[in-house]
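Visitor: Okay, so here is model_36.pdb, and as you'll see once you scroll down, it has PDB, C-alpha atoms.
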```
ATOM      1  CA  MET A 190     -96.109  42.988   6.748  1.00  0.00           C
ATOM      2  CA  PRO A 191     -92.352  42.840   5.986  1.00  0.00           C
ATOM      3  CA  PRO A 192     -91.344  40.804   2.935  1.00  0.00           C
ATOM      4  CA  LYS A 193     -90.053  37.300   3.551  1.00  0.00           C
ATOM      5  CA  VAL A 194     -86.330  36.891   3.178  1.00  0.00           C
ATOM      6  CA  LYS A 195     -85.493  34.572   0.322  1.00  0.00           C
ATOM      7  CA  VAL A 196     -83.180  31.804   1.495  1.00  0.00           C
ATOM      8  CA  THR A 197     -80.682  31.029  -1.240  1.00  0.00           C
ATOM      9  CA  LYS A 198     -78.675  27.884  -1.829  1.00  0.00           C
ATOM     10  CA  GLN A 199     -75.487  29.779  -0.895  1.00  0.00           C
ATOM     11  CA  MET A 200     -77.073  30.949   2.353  1.00  0.00           C
ATOM     12  CA  VAL A 201     -77.882  27.346   3.248  1.00  0.00           C
ATOM     13  CA  ALA A 202     -74.327  26.225   2.400  1.00  0.00           C
ATOM     14  CA  ASP A 203     -72.790  29.085   4.423  1.00  0.00           C
ATOM     15  CA  ALA A 204     -75.102  28.386   7.365  1.00  0.00           C
ATOM     16  CA  SER A 205     -74.175  24.695   7.220  1.00  0.00           C
ATOM     17  CA  PHE A 206     -70.490  25.599   7.393  1.00  0.00           C
ATOM     18  CA  GLU A 207     -71.166  27.765  10.453  1.00  0.00           C
ATOM     19  CA  VAL A 208     -73.259  25.059  12.154  1.00  0.00           C
ATOM     20  CA  ILE A 209     -70.480  22.515  11.617  1.00  0.00           C
ATOM     21  CA  ARG A 210     -67.885  25.013  12.789  1.00  0.00           C
ATOM     22  CA  ALA A 211     -69.808  25.716  15.989  1.00  0.00           C
ATOM     23  CA  SER A 212     -71.152  22.291  16.921  1.00  0.00           C
ATOM     24  CA  GLY A 213     -69.659  19.627  14.641  1.00  0.00           C
ATOM     25  CA  HIS A 214     -70.809  17.789  11.533  1.00  0.00           C
ATOM     26  CA  GLU A 215     -72.719  15.273  13.661  1.00  0.00           C
ATOM     27  CA  ASN A 216     -75.175  18.034  14.580  1.00  0.00           C
ATOM     28  CA  LEU A 217     -75.884  19.195  11.041  1.00  0.00           C
ATOM     29  CA  ASN A 218     -79.493  18.690  10.002  1.00  0.00           C
ATOM     30  CA  ALA A 219     -82.305  20.715   8.469  1.00  0.00           C
ATOM     31  CA  ARG A 220     -83.459  21.931  11.900  1.00  0.00           C
ATOM     32  CA  THR A 221     -80.036  23.233  12.995  1.00  0.00           C
ATOM     33  CA  ILE A 222     -79.554  24.980   9.658  1.00  0.00           C
ATOM     34  CA  SER A 223     -83.033  26.525   9.705  1.00  0.00           C
ATOM     35  CA  LYS A 224     -82.489  27.672  13.297  1.00  0.00           C
ATOM     36  CA  TYR A 225     -79.230  29.357  12.253  1.00  0.00           C
ATOM     37  CA  LEU A 226     -80.978  31.055   9.317  1.00  0.00           C
ATOM     38  CA  GLY A 227     -84.086  31.955  11.324  1.00  0.00           C
ATOM     39  CA  CYS A 228     -86.460  30.209   8.946  1.00  0.00           C
ATOM     40  CA  SER A 229     -88.429  26.989   8.673  1.00  0.00           C
ATOM     41  CA  THR A 230     -86.870  23.785   7.348  1.00  0.00           C
ATOM     42  CA  GLN A 231     -88.757  24.104   4.046  1.00  0.00           C
ATOM     43  CA  PRO A 232     -86.391  26.636   2.385  1.00  0.00           C
ATOM     44  CA  VAL A 233     -83.390  24.629   3.581  1.00  0.00           C
ATOM     45  CA  LEU A 234     -84.645  21.455   1.960  1.00  0.00           C
ATOM     46  CA  TYR A 235     -85.823  23.322  -1.133  1.00  0.00           C
ATOM     47  CA  SER A 236     -82.260  24.253  -2.082  1.00  0.00           C
ATOM     48  CA  PHE A 237     -80.776  20.766  -1.684  1.00  0.00           C
ATOM     49  CA  LYS A 238     -82.283  17.308  -2.184  1.00  0.00           C
ATOM     50  CA  THR A 239     -80.613  15.785   0.879  1.00  0.00           C
ATOM     51  CA  VAL A 240     -78.638  16.763   3.951  1.00  0.00           C
ATOM     52  CA  ASP A 241     -75.686  14.893   2.422  1.00  0.00           C
ATOM     53  CA  GLU A 242     -75.721  17.361  -0.478  1.00  0.00           C
ATOM     54  CA  ILE A 243     -75.703  20.176   2.070  1.00  0.00           C
ATOM     55  CA  ARG A 244     -72.698  18.543   3.781  1.00  0.00           C
ATOM     56  CA  GLU A 245     -70.879  18.382   0.450  1.00  0.00           C
ATOM     57  CA  ALA A 246     -71.436  22.115  -0.090  1.00  0.00           C
ATOM     58  CA  ALA A 247     -70.263  22.853   3.466  1.00  0.00           C
ATOM     59  CA  TYR A 248     -67.232  20.623   2.894  1.00  0.00           C
ATOM     60  CA  GLU A 249     -66.185  22.700  -0.116  1.00  0.00           C
ATOM     61  CA  ILE A 250     -66.434  25.892   1.941  1.00  0.00           C
ATOM     62  CA  ALA A 251     -64.516  24.326   4.845  1.00  0.00           C
ATOM     63  CA  ASP A 252     -61.819  23.044   2.487  1.00  0.00           C
ATOM     64  CA  ARG A 253     -61.257  26.503   0.979  1.00  0.00           C
ATOM     65  CA  TYR A 254     -61.214  28.046   4.460  1.00  0.00           C
ATOM     66  CA  HIS A 255     -58.656  25.463   5.608  1.00  0.00           C
ATOM     67  CA  THR A 256     -56.416  26.081   2.597  1.00  0.00           C
ATOM     68  CA  GLU A 257     -56.417  29.841   3.235  1.00  0.00           C
ATOM     69  CA  PHE A 258     -55.753  29.284   6.932  1.00  0.00           C
ATOM     70  CA  ILE A 259     -52.691  27.066   6.510  1.00  0.00           C
ATOM     71  CA  MET A 260     -50.901  28.808   3.651  1.00  0.00           C
ATOM     72  CA  PRO A 261     -47.679  30.506   4.772  1.00  0.00           C
ATOM     73  CA  LYS A 262     -47.390  34.270   4.594  1.00  0.00           C
ATOM     74  CA  GLU A 263     -44.743  35.920   2.410  1.00  0.00           C
ATOM     75  CA  THR A 264     -43.068  37.225   5.560  1.00  0.00           C
ATOM     76  CA  ASP A 265     -42.644  33.771   7.123  1.00  0.00           C
ATOM     77  CA  GLU A 266     -38.985  32.919   7.620  1.00  0.00           C
ATOM     78  CA  ASN A 267     -39.522  29.200   6.990  1.00  0.00           C
ATOM     79  CA  PRO A 268     -42.669  28.761   4.862  1.00  0.00           C
ATOM     80  CA  MET A 269     -42.716  24.976   5.164  1.00  0.00           C
ATOM     81  CA  LEU A 270     -42.473  25.076   8.946  1.00  0.00           C
ATOM     82  CA  SER A 271     -45.206  27.723   8.940  1.00  0.00           C
ATOM     83  CA  LEU A 272     -47.399  25.503   6.775  1.00  0.00           C
ATOM     84  CA  GLY A 273     -47.069  22.622   9.250  1.00  0.00           C
ATOM     85  CA  LEU A 274     -47.588  24.826  12.287  1.00  0.00           C
ATOM     86  CA  ASN A 275     -50.607  26.478  10.658  1.00  0.00           C
ATOM     87  CA  TYR A 276     -52.073  23.021  10.036  1.00  0.00           C
ATOM     88  CA  VAL A 277     -51.693  22.155  13.716  1.00  0.00           C
ATOM     89  CA  ARG A 278     -53.027  25.593  14.730  1.00  0.00           C
ATOM     90  CA  PHE A 279     -56.056  24.965  12.534  1.00  0.00           C
ATOM     91  CA  CYS A 280     -56.869  21.829  14.496  1.00  0.00           C
ATOM     92  CA  MET A 281     -56.539  23.804  17.726  1.00  0.00           C
ATOM     93  CA  GLU A 282     -58.653  26.761  16.663  1.00  0.00           C
ATOM     94  CA  GLU A 283     -61.149  24.912  14.475  1.00  0.00           C
ATOM     95  CA  LYS A 284     -61.488  21.422  15.995  1.00  0.00           C
ATOM     96  CA  ASN A 285     -64.948  20.809  14.557  1.00  0.00           C
ATOM     97  CA  LEU A 286     -63.852  21.808  11.054  1.00  0.00           C
ATOM     98  CA  PHE A 287     -60.672  19.735  11.378  1.00  0.00           C
ATOM     99  CA  ARG A 288     -62.683  16.662  12.369  1.00  0.00           C
ATOM    100  CA  PHE A 289     -65.166  17.300   9.552  1.00  0.00           C
ATOM    101  CA  LEU A 290     -62.448  17.694   6.924  1.00  0.00           C
ATOM    102  CA  PHE A 291     -60.101  14.919   8.011  1.00  0.00           C
ATOM    103  CA  GLN A 292     -61.910  12.487  10.297  1.00  0.00           C
ATOM    104  CA  SER A 293     -65.472  12.269   9.012  1.00  0.00           C
ATOM    105  CA  GLY A 294     -65.039  10.300   5.789  1.00  0.00           C
ATOM    106  CA  TYR A 295     -66.414  13.141   3.633  1.00  0.00           C
ATOM    107  CA  ALA A 296     -63.146  13.868   1.832  1.00  0.00           C
ATOM    108  CA  GLU A 297     -63.199  13.086  -1.873  1.00  0.00           C
ATOM    109  CA  GLU A 298     -59.675  11.781  -1.652  1.00  0.00           C
ATOM    110  CA  LYS A 299     -59.708   8.375  -0.010  1.00  0.00           C
ATOM    111  CA  SER A 300     -55.954   7.980   0.326  1.00  0.00           C
ATOM    112  CA  LEU A 301     -52.905  10.108   0.992  1.00  0.00           C
ATOM    113  CA  LEU A 302     -51.764   9.585  -2.594  1.00  0.00           C
ATOM    114  CA  ASP A 303     -55.140  10.835  -3.870  1.00  0.00           C
ATOM    115  CA  MET A 304     -54.677  13.935  -1.725  1.00  0.00           C
ATOM    116  CA  VAL A 305     -51.116  14.528  -2.967  1.00  0.00           C
ATOM    117  CA  ASP A 306     -52.350  14.307  -6.546  1.00  0.00           C
ATOM    118  CA  SER A 307     -55.330  16.627  -5.969  1.00  0.00           C
ATOM    119  CA  GLU A 308     -55.570  19.955  -7.723  1.00  0.00           C
ATOM    120  CA  GLU A 309     -55.939  21.795  -4.409  1.00  0.00           C
ATOM    121  CA  LEU A 310     -52.457  20.730  -3.348  1.00  0.00           C
ATOM    122  CA  VAL A 311     -50.657  22.062  -6.433  1.00  0.00           C
ATOM    123  CA  PRO A 312     -49.829  25.484  -4.849  1.00  0.00           C
ATOM    124  CA  VAL A 313     -48.439  23.814  -1.728  1.00  0.00           C
ATOM    125  CA  LEU A 314     -46.261  21.362  -3.691  1.00  0.00           C
ATOM    126  CA  GLU A 315     -45.046  24.122  -5.996  1.00  0.00           C
ATOM    127  CA  ALA A 316     -44.045  26.287  -3.024  1.00  0.00           C
ATOM    128  CA  MET A 317     -42.230  23.329  -1.487  1.00  0.00           C
ATOM    129  CA  ARG A 318     -40.486  22.491  -4.773  1.00  0.00           C
ATOM    130  CA  GLU A 319     -39.264  26.064  -5.149  1.00  0.00           C
ATOM    131  CA  GLY A 320     -38.051  26.106  -1.562  1.00  0.00           C
ATOM    132  CA  THR A 321     -36.135  22.849  -1.780  1.00  0.00           C
ATOM    133  CA  GLY A 322     -34.919  22.822  -5.367  1.00  0.00           C
ATOM    134  CA  LEU A 323     -35.976  19.168  -5.588  1.00  0.00           C
ATOM    135  CA  SER A 324     -37.832  17.551  -8.450  1.00  0.00           C
ATOM    136  CA  LEU A 325     -41.614  17.388  -8.200  1.00  0.00           C
ATOM    137  CA  ARG A 326     -41.438  13.633  -7.522  1.00  0.00           C
ATOM    138  CA  LYS A 327     -39.048  14.109  -4.595  1.00  0.00           C
ATOM    139  CA  THR A 328     -41.063  17.073  -3.346  1.00  0.00           C
ATOM    140  CA  ARG A 329     -44.145  14.828  -3.243  1.00  0.00           C
ATOM    141  CA  ASN A 330     -42.194  12.309  -1.155  1.00  0.00           C
ATOM    142  CA  VAL A 331     -41.094  15.026   1.263  1.00  0.00           C
ATOM    143  CA  PHE A 332     -44.667  16.258   1.489  1.00  0.00           C
ATOM    144  CA  ILE A 333     -45.990  12.776   2.274  1.00  0.00           C
ATOM    145  CA  THR A 334     -43.468  12.303   5.089  1.00  0.00           C
ATOM    146  CA  VAL A 335     -44.088  15.708   6.643  1.00  0.00           C
ATOM    147  CA  ALA A 336     -47.862  15.518   6.089  1.00  0.00           C
ATOM    148  CA  LEU A 337     -48.117  12.200   7.911  1.00  0.00           C
ATOM    149  CA  PHE A 338     -46.080  13.554  10.799  1.00  0.00           C
ATOM    150  CA  THR A 339     -48.022  16.834  10.966  1.00  0.00           C
ATOM    151  CA  HIS A 340     -51.416  15.172  10.594  1.00  0.00           C
ATOM    152  CA  GLY A 341     -50.535  12.758  13.377  1.00  0.00           C
ATOM    153  CA  TYR A 342     -49.743  15.627  15.716  1.00  0.00           C
ATOM    154  CA  ALA A 343     -52.898  17.508  14.717  1.00  0.00           C
ATOM    155  CA  SER A 344     -55.164  14.469  15.069  1.00  0.00           C
ATOM    156  CA  ILE A 345     -53.887  13.643  18.522  1.00  0.00           C
ATOM    157  CA  ILE A 346     -54.350  17.271  19.603  1.00  0.00           C
ATOM    158  CA  ALA A 347     -57.800  17.580  17.969  1.00  0.00           C
ATOM    159  CA  ASN A 348     -58.991  14.554  19.910  1.00  0.00           C
ATOM    160  CA  ASN A 349     -57.723  15.985  23.205  1.00  0.00           C
ATOM    161  CA  HIS A 350     -54.972  13.426  23.750  1.00  0.00           C
ATOM    162  CA  LEU A 351     -52.059  15.864  23.662  1.00  0.00           C
ATOM    163  CA  GLU A 352     -51.611  19.443  24.799  1.00  0.00           C
ATOM    164  CA  TYR A 353     -50.577  22.028  22.255  1.00  0.00           C
ATOM    165  CA  ASP A 354     -46.946  23.090  22.746  1.00  0.00           C
ATOM    166  CA  GLU A 355     -45.977  25.198  19.748  1.00  0.00           C
ATOM    167  CA  LYS A 356     -42.270  25.312  20.528  1.00  0.00           C
ATOM    168  CA  LEU A 357     -42.000  21.523  20.868  1.00  0.00           C
ATOM    169  CA  ILE A 358     -44.136  20.916  17.789  1.00  0.00           C
ATOM    170  CA  ALA A 359     -42.035  23.402  15.786  1.00  0.00           C
ATOM    171  CA  GLU A 360     -38.845  21.576  16.807  1.00  0.00           C
ATOM    172  CA  HIS A 361     -40.285  18.206  15.782  1.00  0.00           C
ATOM    173  CA  LEU A 362     -41.716  19.507  12.509  1.00  0.00           C
ATOM    174  CA  GLU A 363     -38.406  21.116  11.630  1.00  0.00           C
ATOM    175  CA  ARG A 364     -36.588  17.844  12.296  1.00  0.00           C
ATOM    176  CA  ALA A 365     -39.087  15.897  10.196  1.00  0.00           C
ATOM    177  CA  TRP A 366     -38.823  18.471   7.396  1.00  0.00           C
ATOM    178  CA  ASN A 367     -35.002  18.602   7.440  1.00  0.00           C
ATOM    179  CA  GLY A 368     -34.738  14.828   7.556  1.00  0.00           C
ATOM    180  CA  ALA A 369     -37.171  14.307   4.688  1.00  0.00           C
ATOM    181  CA  VAL A 370     -35.490  16.960   2.517  1.00  0.00           C
ATOM    182  CA  LEU A 371     -32.012  15.598   3.265  1.00  0.00           C
ATOM    183  CA  GLU A 372     -33.083  12.049   2.427  1.00  0.00           C
ATOM    184  CA  ALA A 373     -34.764  13.170  -0.797  1.00  0.00           C
ATOM    185  CA  ALA A 374     -31.769  15.283  -1.835  1.00  0.00           C
ATOM    186  CA  GLN A 375     -29.371  12.396  -1.232  1.00  0.00           C
ATOM    187  CA  GLU A 376     -31.543  10.050  -3.294  1.00  0.00           C
ATOM    188  CA  GLU A 377     -31.899  12.597  -6.082  1.00  0.00           C
ATOM    189  CA  TYR A 378     -28.192  13.176  -6.480  1.00  0.00           C
ATOM    190  CA  LEU A 379     -27.066   9.567  -6.215  1.00  0.00           C
TER
END
```
The structure in this file should be written as structure tokens.
Guide:
Amino acid sequence: MPPKVKVTKQMVADASFEVIRASGHENLNARTISKYLGCSTQPVLYSFKTVDEIREAAYEIADRYHTEFIMPKETDENPMLSLGLNYVRFCMEEKNLFRFLFQSGYAEEKSLLDMVDSEELVPVLEAMREGTGLSLRKTRNVFITVALFTHGYASIIANNHLEYDEKLIAEHLERAWNGAVLEAAQEEYL
């Protein structure tokens, strides 16, 4: 008789991420996870006390995946435009993860200001600050403006109310970016 495979806590978290990615956070439960892992529900529930704890672990994985996905590449001509376009691409390619991360209520940050002040956003704000030459305070303001605009586009697309047109979105994101940077620069030097 072959030995039983030990189901680890990380395996359950990874499987939960994949279940959410494939069929949405609404379909995450001990049965769907155990089916993905090819085991009974007992090892799934042994690793975590509740399905909500499993969701939290999956959220952390999804958040890291999202951050990697949206970060601009060194070869990108306009890193900030790439960041915005990557965010919108993420919602197109990973609708279930997008909805889980940004429309499910599971985010730790409950407001845009909480998000801007989160540790995970430090690399993004620092890249923006270097690119604009603005102070960190002004960079945060630019980020908020562009983030609201970009998230609006992504949310509408993720919920199937707008078709994805990369060229049009790029034009609008560039206008929003240029306008926000110009406004912040004028305020900073007044």
Visitor: Given the file shown, determine the residues that the PyMOL selection byres ((chain A and resi 332) around 10) selects; report them as a list in words.
Guide: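 Applied to this file, the PyMOL selection byres ((chain A and resi 332) around 10) selects Met269, Val305, Val313, Leu314, Met317, Arg318, Arg326, Lys327, Thr328, Arg329, Asn330, Val331, Ile333, Thr334, Val335, Ala336, Leu337, Phe338, Trp366, Ala369 and Val370 of chain A.
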Visitor: Once the PyMOL selection byres ((chain A and resi 276-279) around 9) has been evaluated on this model, what residues remain selected, and can you format them as a ChimeraX atom specification?
Guide: /A:255,258-260,271-275,280-284,286-287,339-340,342-344,346-347,353,355,358
Visitor: For atom CA of A:Pro268 and atom CA of A:Gly294, quote the distance in Å rounded to one decimal.
Guide: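 So the two atoms, atom CA of A:Pro268 and atom CA of A:Gly294, lie 29.0 Å apart.
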Visitor: Run the PyMOL selection byres ((chain A and resi 252) around 12) mentally over the shown coordinates, then write out the matched residues as a ChimeraX atom specification, using the chain letters and numbers from the document.
Guide: /A:206,244-251,253-259,279,286-291,295-297,309-310
Visitor: Centre and edge lengths of an axis-aligned box around all listed atoms of stretch 254-263 of chain A, with 6 Å added on each side, are to be given in Å to one decimal, as JSON.
Guide:
```
{"center_x": -53.0, "center_y": 30.7, "center_z": 4.7, "size_x": 28.5, "size_y": 22.5, "size_z": 16.5}
```
Visitor: Take atom CA of A:Leu357 and atom CA of A:Asn267 and report the distance between them in Å, one decimal.
Guide: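 Between atom CA of A:Leu357 and atom CA of A:Asn267 the gap is 16.1 Å.
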Visitor: As an exercise, work out the distance from atom CA of A:Glu363 to atom CA of A:Thr321 in Å and give it to one decimal place.
Guide: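 Distance between the two atoms: 13.7 Å.
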Visitor: Excluding A:Lys198 and residues on its chain fewer than 4 positions from it, collect all residues at most 10 Å away from it, counting only C-alpha atoms, and give them as an MDAnalysis selection string.
Guide: chainID A and resid 202:204 232:237 243 246
